[in-house]
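Participant: Coordinates in run_16.pdb, PDB, C-alpha atoms, are listed below.
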MODEL        1
ATOM      1  CA  MET A   1     113.836  -0.353  14.723
ATOM      2  CA  ASN A   2     116.240  -0.290  11.792
ATOM      3  CA  SER A   3     116.655   3.237  10.439
ATOM      4  CA  ASN A   4     117.722   1.969   7.016
ATOM      5  CA  ILE A   5     114.323   0.960   5.813
ATOM      6  CA  ASP A   6     114.100  -0.792   2.483
ATOM      7  CA  THR A   7     110.714  -0.936   0.909
ATOM      8  CA  VAL A   8     109.163  -4.312   0.327
ATOM      9  CA  THR A   9     109.176  -5.633  -3.198
ATOM     10  CA  VAL A  10     105.678  -5.540  -4.663
ATOM     11  CA  LYS A  11     104.259  -9.027  -4.563
ATOM     12  CA  PRO A  12     101.647 -10.673  -6.764
ATOM     13  CA  ALA A  13      98.120 -10.519  -5.369
ATOM     14  CA  THR A  14      98.113 -14.245  -4.666
ATOM     15  CA  ALA A  15     101.023 -13.857  -2.228
ATOM     16  CA  TRP A  16      99.286 -11.164  -0.154
ATOM     17  CA  ILE A  17      96.025 -13.119  -0.108
ATOM     18  CA  SER A  18      97.838 -16.273   0.917
ATOM     19  CA  TYR A  19      99.518 -14.440   3.842
ATOM     20  CA  VAL A  20      96.135 -13.160   5.002
ATOM     21  CA  HIS A  21      94.491 -16.596   4.792
ATOM     22  CA  ASP A  22      97.357 -18.235   6.691
ATOM     23  CA  SER A  23      97.050 -15.565   9.395
ATOM     24  CA  LEU A  24      93.290 -16.109   9.645
ATOM     25  CA  HIS A  25      93.778 -19.849  10.054
ATOM     26  CA  GLU A  26      96.428 -19.415  12.735
ATOM     27  CA  VAL A  27      94.617 -16.813  14.839
ATOM     28  CA  PHE A  28      91.123 -18.300  14.624
ATOM     29  CA  ASN A  29      92.368 -21.797  15.320
ATOM     30  CA  MET A  30      94.569 -20.870  18.284
ATOM     31  CA  MET A  31      92.472 -18.181  19.947
ATOM     32  CA  LEU A  32      88.916 -19.207  19.089
ATOM     33  CA  GLY A  33      89.125 -22.865  18.123
ATOM     34  CA  MET A  34      87.354 -22.037  14.854
ATOM     35  CA  LYS A  35      88.041 -23.009  11.269
ATOM     36  CA  VAL A  36      87.984 -20.287   8.650
ATOM     37  CA  THR A  37      86.992 -20.936   5.059
ATOM     38  CA  PRO A  38      86.873 -18.526   2.120
ATOM     39  CA  CYS A  39      83.403 -17.475   1.121
ATOM     40  CA  GLU A  40      82.358 -16.175  -2.275
ATOM     41  CA  ASP A  41      79.110 -14.437  -1.550
ATOM     42  CA  ALA A  42      77.255 -13.460   1.608
ATOM     43  CA  LYS A  43      75.191 -10.516   2.785
ATOM     44  CA  LEU A  44      77.148  -8.670   5.420
ATOM     45  CA  ASN A  45      75.912  -5.731   7.429
ATOM     46  CA  ALA A  46      79.330  -4.606   8.611
ATOM     47  CA  GLU A  47      78.355  -2.593  11.690
ATOM     48  CA  LEU A  48      81.614  -3.212  13.536
ATOM     49  CA  THR A  49      85.108  -2.502  12.239
ATOM     50  CA  ALA A  50      88.582  -2.942  13.685
ATOM     51  CA  ILE A  51      91.634  -1.439  11.987
ATOM     52  CA  VAL A  52      95.353  -1.818  12.638
ATOM     53  CA  GLY A  53      97.782   0.386  10.733
ATOM     54  CA  LEU A  54     101.084  -0.790   9.264
ATOM     55  CA  ALA A  55     103.977   1.666   9.059
ATOM     56  CA  GLY A  56     107.602   1.435   7.955
ATOM     57  CA  SER A  57     108.925  -0.744   5.161
ATOM     58  CA  LEU A  58     105.373  -1.963   4.631
ATOM     59  CA  CYS A  59     102.634   0.664   4.949
ATOM     60  CA  GLY A  60      98.911   0.232   4.881
ATOM     61  CA  LEU A  61      96.102  -1.117   6.985
ATOM     62  CA  PHE A  62      94.606  -4.388   8.068
ATOM     63  CA  CYS A  63      90.884  -4.295   8.712
ATOM     64  CA  ILE A  64      88.167  -6.728   9.808
ATOM     65  CA  ARG A  65      84.427  -6.037   9.607
ATOM     66  CA  CYS A  66      81.374  -7.941  10.811
ATOM     67  CA  ASN A  67      77.877  -7.471  12.141
ATOM     68  CA  LYS A  68      77.052  -7.074  15.847
ATOM     69  CA  GLU A  69      75.918 -10.672  16.317
ATOM     70  CA  THR A  70      79.132 -12.017  14.851
ATOM     71  CA  GLY A  71      81.181  -9.627  16.987
ATOM     72  CA  ALA A  72      79.401 -10.906  20.106
ATOM     73  CA  LYS A  73      79.894 -14.560  19.117
ATOM     74  CA  LEU A  74      83.605 -14.085  18.397
ATOM     75  CA  THR A  75      83.981 -12.409  21.790
ATOM     76  CA  GLN A  76      82.215 -15.320  23.501
ATOM     77  CA  LYS A  77      84.559 -17.747  21.749
ATOM     78  CA  MET A  78      87.655 -15.752  22.687
ATOM     79  CA  LEU A  79      86.664 -15.510  26.331
ATOM     80  CA  ASN A  80      85.005 -18.921  26.512
ATOM     81  CA  ILE A  81      81.855 -17.430  28.022
ATOM     82  CA  ASP A  82      78.145 -17.915  27.267
ATOM     83  CA  ALA A  83      77.253 -14.368  26.348
ATOM     84  CA  SER A  84      78.848 -10.979  26.004
ATOM     85  CA  GLU A  85      76.441  -8.079  26.162
ATOM     86  CA  SER A  86      79.006  -5.367  26.669
ATOM     87  CA  GLU A  87      79.700  -3.453  23.465
ATOM     88  CA  THR A  88      82.982  -2.220  24.953
ATOM     89  CA  GLU A  89      84.107  -5.816  25.462
ATOM     90  CA  VAL A  90      83.086  -6.786  21.925
ATOM     91  CA  MET A  91      84.999  -3.857  20.405
ATOM     92  CA  ASP A  92      88.013  -4.649  22.573
ATOM     93  CA  ALA A  93      87.927  -8.290  21.421
ATOM     94  CA  LEU A  94      87.614  -7.323  17.750
ATOM     95  CA  GLY A  95      90.483  -4.860  18.077
ATOM     96  CA  GLU A  96      92.688  -7.505  19.670
ATOM     97  CA  LEU A  97      91.690 -10.048  17.016
ATOM     98  CA  CYS A  98      92.654  -7.574  14.296
ATOM     99  CA  ASN A  99      95.913  -6.834  16.128
ATOM    100  CA  MET A 100      96.852 -10.530  16.214
ATOM    101  CA  LEU A 101      95.867 -10.978  12.560
ATOM    102  CA  ALA A 102      97.980  -7.990  11.512
ATOM    103  CA  GLY A 103     100.900  -9.275  13.599
ATOM    104  CA  SER A 104     100.629 -12.753  12.147
ATOM    105  CA  PHE A 105     100.349 -11.282   8.639
ATOM    106  CA  LYS A 106     103.396  -9.064   9.153
ATOM    107  CA  ALA A 107     105.444 -12.006  10.413
ATOM    108  CA  ARG A 108     104.752 -13.880   7.160
ATOM    109  CA  VAL A 109     105.958 -11.174   4.793
ATOM    110  CA  PRO A 110     109.665 -11.848   4.253
ATOM    111  CA  GLY A 111     112.013  -9.142   5.495
ATOM    112  CA  VAL A 112     109.584  -6.792   7.233
ATOM    113  CA  ALA A 113     109.378  -8.177  10.774
ATOM    114  CA  ASP A 114     111.939  -5.689  12.121
ATOM    115  CA  THR A 115     111.078  -2.749   9.891
ATOM    116  CA  CYS A 116     107.283  -2.602   9.996
ATOM    117  CA  MET A 117     105.411  -1.403  13.073
ATOM    118  CA  LEU A 118     101.794  -2.001  14.018
ATOM    119  CA  SER A 119      99.507   0.684  15.398
ATOM    120  CA  ILE A 120      97.262   0.193  18.391
ATOM    121  CA  PRO A 121      93.848  -0.996  17.081
ATOM    122  CA  THR A 122      91.103   1.479  16.216
ATOM    123  CA  THR A 123      87.498   0.292  16.336
ATOM    124  CA  ILE A 124      84.455   1.811  14.657
ATOM    125  CA  THR A 125      80.746   1.207  15.186
ATOM    126  CA  GLY A 126      78.374   1.909  12.310
ATOM    127  CA  ALA A 127      78.525   0.907   8.663
ATOM    128  CA  ASP A 128      78.116   4.271   6.955
ATOM    129  CA  TYR A 129      81.676   5.483   6.459
ATOM    130  CA  GLN A 130      84.469   5.375   3.927
ATOM    131  CA  VAL A 131      88.159   4.745   4.468
ATOM    132  CA  HIS A 132      90.612   6.753   2.385
ATOM    133  CA  PRO A 133      94.057   5.211   2.720
ATOM    134  CA  LEU A 134      97.105   6.534   0.883
ATOM    135  CA  ARG A 135      96.721   6.687  -2.867
ATOM    136  CA  GLY A 136      98.179   3.876  -4.867
ATOM    137  CA  GLY A 137      99.061   0.551  -3.401
ATOM    138  CA  GLN A 138      96.954  -2.553  -3.574
ATOM    139  CA  ARG A 139      93.645  -3.314  -1.911
ATOM    140  CA  PHE A 140      92.315  -6.800  -1.247
ATOM    141  CA  GLU A 141      88.901  -7.676   0.122
ATOM    142  CA  MET A 142      88.100 -11.141   1.326
ATOM    143  CA  LEU A 143      84.952 -12.645   2.764
ATOM    144  CA  VAL A 144      85.404 -15.587   5.090
ATOM    145  CA  ARG A 145      83.132 -17.896   7.013
ATOM    146  CA  CYS A 146      83.828 -19.180  10.516
ATOM    147  CA  ASP A 147      81.147 -21.614  11.701
ATOM    148  CA  ASP A 148      77.916 -19.760  10.813
ATOM    149  CA  GLU A 149      79.483 -16.324  11.010
ATOM    150  CA  PHE A 150      80.809 -14.126   8.214
ATOM    151  CA  LEU A 151      83.706 -11.738   8.379
ATOM    152  CA  GLN A 152      85.120  -9.320   5.859
ATOM    153  CA  VAL A 153      88.876  -8.821   5.786
ATOM    154  CA  ILE A 154      90.422  -5.857   3.993
ATOM    155  CA  LEU A 155      94.128  -5.424   3.384
ATOM    156  CA  HIS A 156      95.540  -2.251   1.888
ATOM    157  CA  VAL A 157      99.284  -2.265   1.239
ATOM    158  CA  ASN A 158     101.564   0.479  -0.043
ATOM    159  CA  CYS A 159     105.085  -0.604  -0.741
TER     160      CYS A 159
ATOM    161  CA  MET B   1     104.353 -24.577  44.127
ATOM    162  CA  ASN B   2     102.637 -21.936  46.248
ATOM    163  CA  ALA B   3      99.855 -19.739  44.909
ATOM    164  CA  ILE B   4     101.355 -16.663  43.298
ATOM    165  CA  CYS B   5     100.415 -13.057  42.643
ATOM    166  CA  ALA B   6     100.529 -12.208  38.918
ATOM    167  CA  LEU B   7     100.509  -8.776  37.305
ATOM    168  CA  ILE B   8      99.043  -8.766  33.789
ATOM    169  CA  VAL B   9      99.801  -5.670  31.704
ATOM    170  CA  ASP B  10      97.835  -5.216  28.483
ATOM    171  CA  ASP B  11      95.706  -2.394  27.083
ATOM    172  CA  SER B  12      93.037  -4.946  26.126
ATOM    173  CA  SER B  13      90.875  -6.135  29.034
ATOM    174  CA  VAL B  14      89.816  -9.109  26.897
ATOM    175  CA  MET B  15      93.452 -10.126  26.479
ATOM    176  CA  ARG B  16      94.096  -9.729  30.218
ATOM    177  CA  LYS B  17      91.264 -12.194  30.867
ATOM    178  CA  ILE B  18      92.643 -14.625  28.278
ATOM    179  CA  VAL B  19      96.119 -14.468  29.810
ATOM    180  CA  GLU B  20      94.690 -15.081  33.293
ATOM    181  CA  ARG B  21      92.690 -18.058  32.004
ATOM    182  CA  SER B  22      95.797 -19.442  30.303
ATOM    183  CA  LEU B  23      97.789 -19.206  33.544
ATOM    184  CA  ARG B  24      95.086 -21.153  35.392
ATOM    185  CA  GLN B  25      94.924 -23.724  32.560
ATOM    186  CA  ALA B  26      98.694 -24.081  32.862
ATOM    187  CA  GLY B  27      98.154 -25.250  36.431
ATOM    188  CA  ILE B  28      99.479 -22.088  38.037
ATOM    189  CA  GLU B  29      97.565 -21.304  41.202
ATOM    190  CA  LEU B  30      96.891 -17.599  41.527
ATOM    191  CA  SER B  31      96.424 -15.989  44.929
ATOM    192  CA  GLN B  32      95.871 -12.597  43.318
ATOM    193  CA  VAL B  33      95.726 -11.144  39.822
ATOM    194  CA  MET B  34      96.680  -7.498  39.418
ATOM    195  CA  GLU B  35      95.876  -5.749  36.142
ATOM    196  CA  ALA B  36      97.292  -2.694  34.382
ATOM    197  CA  GLY B  37      96.395  -1.121  31.032
ATOM    198  CA  ASN B  38      99.892   0.161  30.239
ATOM    199  CA  GLY B  39     103.411   0.388  31.633
ATOM    200  CA  MET B  40     102.721   3.516  33.677
ATOM    201  CA  GLU B  41      99.764   1.867  35.446
ATOM    202  CA  ALA B  42     101.915  -1.205  36.035
ATOM    203  CA  LEU B  43     104.616   0.870  37.740
ATOM    204  CA  VAL B  44     101.912   2.243  40.063
ATOM    205  CA  ALA B  45     100.451  -1.243  40.667
ATOM    206  CA  ILE B  46     103.757  -2.691  41.866
ATOM    207  CA  GLN B  47     103.878  -0.065  44.605
ATOM    208  CA  GLN B  48     100.736  -1.671  46.099
ATOM    209  CA  ARG B  49     102.130  -5.180  46.102
ATOM    210  CA  ARG B  50     105.204  -6.924  44.743
ATOM    211  CA  PRO B  51     103.983  -9.504  42.200
ATOM    212  CA  ASP B  52     105.648 -12.917  41.819
ATOM    213  CA  LEU B  53     105.259 -12.836  38.046
ATOM    214  CA  ILE B  54     104.632 -10.160  35.401
ATOM    215  CA  LEU B  55     103.200 -10.778  31.939
ATOM    216  CA  SER B  56     103.315  -7.739  29.695
ATOM    217  CA  ASP B  57     102.227  -6.718  26.225
ATOM    218  CA  ILE B  58     104.586  -4.418  24.272
ATOM    219  CA  ASN B  59     102.395  -2.250  22.064
ATOM    220  CA  MET B  60     100.449  -0.109  24.547
ATOM    221  CA  PRO B  61      99.604   3.588  24.849
ATOM    222  CA  THR B  62     101.199   5.954  27.415
ATOM    223  CA  MET B  63     104.105   3.609  28.224
ATOM    224  CA  ASN B  64     104.904   0.554  26.142
ATOM    225  CA  GLY B  65     106.051  -2.781  27.497
ATOM    226  CA  LEU B  66     109.723  -2.341  26.601
ATOM    227  CA  GLU B  67     109.959   0.971  28.457
ATOM    228  CA  PHE B  68     108.098  -0.589  31.379
ATOM    229  CA  VAL B  69     110.551  -3.508  31.660
ATOM    230  CA  LYS B  70     113.465  -1.070  31.400
ATOM    231  CA  GLN B  71     112.109   1.133  34.207
ATOM    232  CA  LEU B  72     111.177  -1.891  36.311
ATOM    233  CA  GLN B  73     114.834  -2.820  36.696
ATOM    234  CA  ALA B  74     115.423   0.447  38.551
ATOM    235  CA  VAL B  75     112.664  -0.230  41.088
ATOM    236  CA  ALA B  76     113.991  -1.603  44.367
ATOM    237  CA  GLY B  77     113.162  -5.260  44.934
ATOM    238  CA  MET B  78     111.815  -5.882  41.434
ATOM    239  CA  LYS B  79     114.906  -7.238  39.666
ATOM    240  CA  ASP B  80     114.149 -10.823  40.634
ATOM    241  CA  VAL B  81     110.516 -10.775  39.520
ATOM    242  CA  PRO B  82     110.278 -12.745  36.256
ATOM    243  CA  VAL B  83     108.786 -10.816  33.342
ATOM    244  CA  VAL B  84     107.373 -12.533  30.270
ATOM    245  CA  MET B  85     106.397 -10.511  27.216
ATOM    246  CA  ILE B  86     103.183 -11.590  25.447
ATOM    247  CA  THR B  87     102.867  -9.652  22.217
ATOM    248  CA  THR B  88     102.170  -9.585  18.497
ATOM    249  CA  GLU B  89     105.528  -7.818  18.054
ATOM    250  CA  ALA B  90     107.760 -10.863  17.837
ATOM    251  CA  SER B  91     110.512  -9.559  15.586
ATOM    252  CA  GLU B  92     114.052 -10.514  16.501
ATOM    253  CA  SER B  93     114.941  -6.932  17.429
ATOM    254  CA  HIS B  94     112.022  -6.722  19.866
ATOM    255  CA  VAL B  95     112.939 -10.037  21.467
ATOM    256  CA  VAL B  96     116.594  -9.003  21.854
ATOM    257  CA  GLU B  97     115.595  -5.605  23.252
ATOM    258  CA  ALA B  98     113.131  -7.077  25.759
ATOM    259  CA  LEU B  99     115.632  -9.675  26.957
ATOM    260  CA  SER B 100     118.378  -7.054  27.275
ATOM    261  CA  TYR B 101     116.094  -5.011  29.540
ATOM    262  CA  GLY B 102     115.536  -8.006  31.802
ATOM    263  CA  ALA B 103     112.553  -9.911  30.393
ATOM    264  CA  ARG B 104     112.903 -13.656  30.994
ATOM    265  CA  GLY B 105     110.561 -14.959  28.319
ATOM    266  CA  TYR B 106     108.730 -14.070  25.145
ATOM    267  CA  ILE B 107     105.409 -15.432  23.865
ATOM    268  CA  ARG B 108     103.995 -14.407  20.508
ATOM    269  CA  LYS B 109     100.269 -13.735  20.107
ATOM    270  CA  PRO B 110      98.307 -15.766  19.119
ATOM    271  CA  PHE B 111      99.258 -18.306  21.749
ATOM    272  CA  THR B 112      97.953 -21.459  23.377
ATOM    273  CA  ALA B 113      97.691 -22.300  27.079
ATOM    274  CA  GLU B 114     100.333 -24.957  26.411
ATOM    275  CA  GLN B 115     102.801 -22.283  25.258
ATOM    276  CA  VAL B 116     102.076 -20.237  28.377
ATOM    277  CA  LYS B 117     102.729 -23.318  30.488
ATOM    278  CA  GLU B 118     106.003 -24.039  28.680
ATOM    279  CA  HIS B 119     107.352 -20.490  29.061
ATOM    280  CA  VAL B 120     105.943 -19.471  32.445
ATOM    281  CA  LEU B 121     105.875 -22.581  34.625
ATOM    282  CA  PRO B 122     109.695 -22.958  34.885
ATOM    283  CA  LEU B 123     109.906 -19.334  36.048
ATOM    284  CA  VAL B 124     107.460 -19.739  38.935
ATOM    285  CA  LYS B 125     108.158 -23.325  39.998
ATOM    286  CA  ASN B 126     110.113 -22.259  43.046
ATOM    287  CA  ALA B 127     107.788 -19.435  44.025
TER     288      ALA B 127
ENDMDL
END
Can I see the file as structure tokens?

Facilitator:
Amino acid sequence: MNSNIDTVTVKPATAWISYVHDSLHEVFNMMLGMKVTPCEDAKLNAELTAIVGLAGSLCGLFCIRCNKETGAKLTQKMLNIDASESETEVMDALGELCNMLAGSFKARVPGVADTCMLSIPTTITGADYQVHPLRGGQRFEMLVRCDDEFLQVILHVNC
Amino acid sequence: MNAICALIVDDSSVMRKIVERSLRQAGIELSQVMEAGNGMEALVAIQQRRPDLILSDINMPTMNGLEFVKQLQAVAGMKDVPVVMITTEASESHVVEALSYGARGYIRKPFTAEQVKEHVLPLVKNA
């Protein structure tokens, strides 16, 4: 990793959101064969969370949240199986999905590929918690629909 | 092509299954699939049996994929085993580092079975 780390120029919100949407399209299409569309309003009981941290020239976190049923269906799609009843497998799949999304996102931000590292995914069960990332920075929340499932995507960037 | 023994190294069991499925979809016949959750486990696994092919993630706990490939070169009889990195870390510096340690290919996650076929099949054709 380059020791001379330059921080990333702050980008307009539309640029960050566009990177996230492009990453969602790439990962869901290639790994799950699903189309992702933005969604304005949906009730989401986000019982499952996967987080990947970004560190280096671009700091922050990339997070996906969904309910248990959606987590199970995404796992089935990833593994091409009829049912996944193992919570460990579902959390593993969500973590890996978040990891690929964060990697795809990072690859789209000009100039950070070599100077931004990804953490190993962390997964959380339960909806009653709060995340307190570094102060400042920009936070974006997006709700997307894939088939009949809903997913919340949160990006927090400090740069 | 004979059936081969593949070692898949990834801290995600879901990803190990996806990689195995992709190898089969690529038309690679597998006589055995060995699995390891990190580089340290992989170094232990190769003592049990010499694989014909290794596919390894980079970002893993305990020992990452780059360190694993580096240490693999020092293990007797392992220099000729083709190693392909499958990882989200696809920056130029990672690719250069992995190749300098002896990796023979690099696939960025997310990937398709077609990409696995394109990168892996030429390496195991004469197995």

Participant: Using all atoms listed in the file, find each residue in chain A having at least one atom no more than 6 Å away from chain B; report its shortest atom-to-atom pair and that distance in Å (one decimal), rows by chain then rising number, as a tab-separated table.

Facilitator:
residue	atom	partner	partner_atom	distance
A:Val27	CA	B:Pro110	CA	5.7
A:Ala93	CA	B:Val14	CA	5.9
A:Met100	CA	B:Thr88	CA	5.9
A:Gly103	CA	B:Thr88	CA	5.1
A:Ala113	CA	B:Ser91	CA	5.1
A:Asp114	CA	B:Ser91	CA	5.4

Participant: Just to be explicit: take each residue in the selection above, keep C-alpha atoms, and write the result as a tab-separated table (two decimals), in the frame of the given file.

Facilitator:
chain	number	residue	atom	x	y	z
A	27	VAL	CA	94.62	-16.81	14.84
A	93	ALA	CA	87.93	-8.29	21.42
A	100	MET	CA	96.85	-10.53	16.21
A	103	GLY	CA	100.90	-9.28	13.60
A	113	ALA	CA	109.38	-8.18	10.77
A	114	ASP	CA	111.94	-5.69	12.12

Participant: Neighbouring residues of Ala72 (chain A) were defined as those with any atom within 10 Å, considering only C-alpha atoms; residues of the same chain fewer than 2 positions away were excluded. Please report them as a ChimeraX atom specification.

Facilitator: /A:66-70,74-78,83-87,89-91,93-94

Participant: Between A:Gly71, A:Gly111, A:Pro12, A:Pro121, which one has atoms that come closest to Gln138 (chain A), using only C-alpha atoms?

Facilitator: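 The answer is A:Pro12, which sits nearest to Gln138 (chain A).
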
Participant: Mind pulling up the distance from CA of Val19 (chain B) to CA of Gln47 (chain B)?

Facilitator: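 Interatomic distance, CA of Gln47 (chain B) to CA of Val19 (chain B): 22.1 Å.
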
Participant: Quick check, in Å to one decimal: how far apart do CA of Cys39 (chain A) and CA of Val153 (chain A) lie?

Facilitator: 11.3 Å
